[in-house]
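Asks: Before we start, here is the structure in question, set down as C-alpha cells.
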Amino acid sequence: MSRTLIIAEAGVNHNGDLNMALQLIEKAADSGVDYVKFQTFKSEGLVSCHATKAEYQKNTTSGDDSQLKMLQRLELSQDDHFRLIEHCNKCGVKFLSTAFDLESVEFLSSLNLDLWKIPSGEVTNLPYLRRIAQKRGKIIMSTGMCCHEDIKAALSVLTSNGTPIENITLLHCNTEYPTPWKDVNLRAIHDIAKRYNVSVGYSDHTQGIEVPIAAVALGATVIEKHFTLDNNLPGPDHKASLEPVQLKAMVNAIRHIEESLGDGVKRISDSERKNITIARKSIVAASHIKTGDIFTEDNITVKRPGGGISPMKWDDIIGTIASHDYSPDDFI
C-alpha cells in the first residue's frame, strides 16, 4: 500500500495570532504529518454582513459576533503566509492552505504550492472551481454536504477546465463539528471510489482518532484532521480538534495500519515461521507401543510440538503396524 498523505488542519486555530500559528507548525512537524494546512481568505470577499454563524460556531464563540466579525479576527495577512512557509521549511513539513475566495486563489497561486485543497463549501461555486481547475495542479476536494449530483457537477467543471481526473482526489467528509458517529458513513469511501474512479480520502470532524484510522484501513489515501494547541482555547474549531499528543498518536497509528494492510495475499510470514513447530502438533504415542502392534485410537494421540507426522495424516496412520517400539510421547 502507498503511503497515506496526512494533512494536519491548523485552519483558524491560530486565533489570528502569528506566534500561535508558528507553534502549530512546530507541533504538526513533530507529529510526523506531511502537510500543515491553514485557511486563506479575505473576510469581506468570503461572507456578507448578513451571514450568520454555524450552530457549532455560536456554541464556541461570542454569540454577539456576526460570521464576518468572527472571520476578520482570524484572517492571515500575506506577510503572515510568507512567515508560515518559511517556518514550515525550517521545521521540515509542507505548507498548504485552502483559499475561500478568488483573490485568495490568485495569491496562493503566486506561492507555487504543489497542491490545491477545495473545501466542502466551495463544491457548488462554479467560478471558484473553474479558476482552480485552470491552474492545472493536483486537487484534493472535500465532499461534505454533497450528494452525487453535486460531486458529479463539480468534477465536470474541474475536468472541462484543464484538470485531468487523475489529478483529483475526493475526500469523504461530514461538516458537522463534531460529527456524530451515526453520520460518519465511512463505507461511502468505497461508493465514491467506484462511482468516479478517483483516489479517495477522508476529512474527519469526529472527536478522537479512531475514525481516521479506520478510514485508512478502508482504503483512504488522504487523511485530513483538525488540530489545536489546546481544546480549551476560544475559537470556532478548537473543541473538535486534536491536541498535539493525540495528533502524533493518530499519525503513528495510521503508519502502523499502512504497514499492517500488506498486499492481501495470504501466506506464512517470516516472523511467524519459527512458531510452526511450537504451536502445531504431531501424532505421538499415547502409551507404550511394541513392534508389530497396530496403531489405534487408543495407543496414539496428538500433542505439541510439530515436526513429526501431521495430525492431518491421522486416518492414514490408524490401522498400520508399528515398525519399532515407542514410549509415551514419542513421535510416530
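In the C-alpha cells, the first chain shown is A, the next is B, and so on; residue numbers restart at 1 for each chain, and ligands run from 1 in the order shown.
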Can you pull out the residues contacting Lys239 of chain A? Cut-off 12 Å, using only C-alpha atoms, and skip same-chain residues under 3 positions away; I want them as a PyMOL selection string.
Replies: chain A and resi 13+56-57+59-61+177-179+205-208+226-236+242-243
Asks: Any chance you could tabulate, as a Markdown table, the residues of segment 212-320 of chain A at most 7 Å from segment 19-34 of chain A with each one's nearest atom pair and distance in Å to one decimal, using only C-alpha atoms, in chain and rising number order?
Replies:
| residue | atom | partner | partner_atom | distance |
| --- | --- | --- | --- | --- |
| A:Leu229 | CA | A:Leu24 | CA | 6.7 |
| A:Pro244 | CA | A:Lys27 | CA | 6.1 |
| A:Leu247 | CA | A:Ser31 | CA | 6.3 |
| A:Lys248 | CA | A:Ser31 | CA | 4.2 |
| A:Val251 | CA | A:Gly32 | CA | 6.6 |
Asks: Next, dump the selected residues to file, keeping only all heavy atoms, as a compact mmCIF listing (two decimals), in the first residue's frame.
Replies:
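Result written to selection.txt:
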# COMPACT_ATOMS: atom_id res chain seq x y z
N LEU A 229 -3.55 23.67 19.67
CA LEU A 229 -2.62 23.61 20.79
C LEU A 229 -3.34 23.23 22.07
O LEU A 229 -2.77 22.62 22.97
CB LEU A 229 -1.93 24.97 20.98
CG LEU A 229 -1.05 25.44 19.81
CD1 LEU A 229 -0.51 26.84 20.11
CD2 LEU A 229 0.09 24.47 19.55
N PRO A 244 -1.91 18.17 20.34
CA PRO A 244 -0.69 17.61 19.73
C PRO A 244 -0.39 16.15 20.06
O PRO A 244 0.02 15.38 19.19
CB PRO A 244 0.41 18.54 20.25
CG PRO A 244 -0.29 19.85 20.39
CD PRO A 244 -1.66 19.51 20.91
N LEU A 247 -2.67 14.07 17.98
CA LEU A 247 -2.30 14.11 16.56
C LEU A 247 -1.14 13.16 16.29
O LEU A 247 -1.15 12.41 15.31
CB LEU A 247 -1.92 15.54 16.17
CG LEU A 247 -1.49 15.74 14.71
CD1 LEU A 247 -2.65 15.45 13.76
CD2 LEU A 247 -0.96 17.15 14.49
N LYS A 248 -0.15 13.18 17.17
CA LYS A 248 1.00 12.29 17.00
C LYS A 248 0.58 10.83 17.11
O LYS A 248 1.05 9.98 16.34
CB LYS A 248 2.05 12.62 18.04
CG LYS A 248 3.41 11.98 17.80
CD LYS A 248 4.47 12.57 18.71
CE LYS A 248 5.85 12.10 18.33
NZ LYS A 248 6.90 12.76 19.13
N VAL A 251 -1.12 9.81 13.82
CA VAL A 251 -0.15 9.58 12.74
C VAL A 251 0.55 8.24 12.93
O VAL A 251 0.68 7.45 11.98
CB VAL A 251 0.87 10.73 12.69
CG1 VAL A 251 1.99 10.41 11.69
CG2 VAL A 251 0.20 12.04 12.31
Asks: So how far away is atom CA of Ser142 of chain A from atom CA of Thr221 of chain A, in Å?
Replies: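 Value for the atom CA of Thr221 of chain A-atom CA of Ser142 of chain A distance: 13.1 Å.
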Asks: Taking only segment 169-263 of chain A into account, list the residues labelled alpha helix (DSSP H) by DSSP (computed from the backbone), as an MDAnalysis selection string.
Replies: chainID A and resid 188:196 210:217 244:261
Asks: Which one is closest to Arg131 of chain A: A:Asn112, A:Thr159, A:Thr296, A:Ser260? Count only C-alpha atoms.
Replies: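 Using only C-alpha atoms, the shortest distance to Arg131 of chain A belongs to A:Thr159.
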Asks: In terms of the shortest atom-to-atom distance over only C-alpha atoms, which of A:Ala133, A:Val184, A:Leu46, A:Val123 is closest to Leu102 of chain A?
Replies: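 Nearest to Leu102 of chain A: A:Leu46.
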Asks: Of the candidates A:Glu258, A:His81, A:His87, A:Val211, which one gets nearest to Lys182 of chain A if we count only C-alpha atoms?
Replies: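 Using only C-alpha atoms, Lys182 of chain A sits closest to A:Val211.
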Asks: Separation of atom CA of Phe41 of chain A and atom CA of His14 of chain A, in Å?
Replies: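 Computing it gives 14.3 Å between the two atoms.
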Asks: As a PyMOL selection string, please: the residues near segment 263-280 of chain A (cut-off 9 Å, only C-alpha atoms, same-chain neighbours under 2 positions excluded).
Replies: chain A and resi 1+261+282+303-308+310
Asks: Which one is closest to Ile223 of chain A: A:Val245, A:Leu126, A:Met250, A:Ile118? Count only C-alpha atoms.
Replies: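 Smallest separation from Ile223 of chain A among the options: A:Met250.
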Asks: If you take only C-alpha atoms and a cut-off of 9 Å, which residues of segment 73-123 of chain A touch segment 143-150 of chain A, and what are their nearest atom pairs and distances in Å to one decimal, in chain and number order, as CSV?
Replies:
residue,atom,partner,partner_atom,distance
A:Pro119,CA,A:Thr143,CA,7.7
A:Ser120,CA,A:Gly144,CA,5.0
A:Gly121,CA,A:Gly144,CA,7.7
A:Val123,CA,A:Asp150,CA,7.1
Asks: Mind listing the strand (DSSP E or B) residues of segment 65-208 of chain A, per DSSP on the backbone, as a ChimeraX atom specification?
Replies: /A:94-99,116-118,139-142,168-173,199-204
Asks: Name all residues at most 9 Å from Lys69 of chain A (count only C-alpha atoms; drop same-chain ones fewer than 4 positions away) and give them as a list of chain:residue names.
Replies: A:Ser43, A:Cys49, A:Asp65, A:Arg73
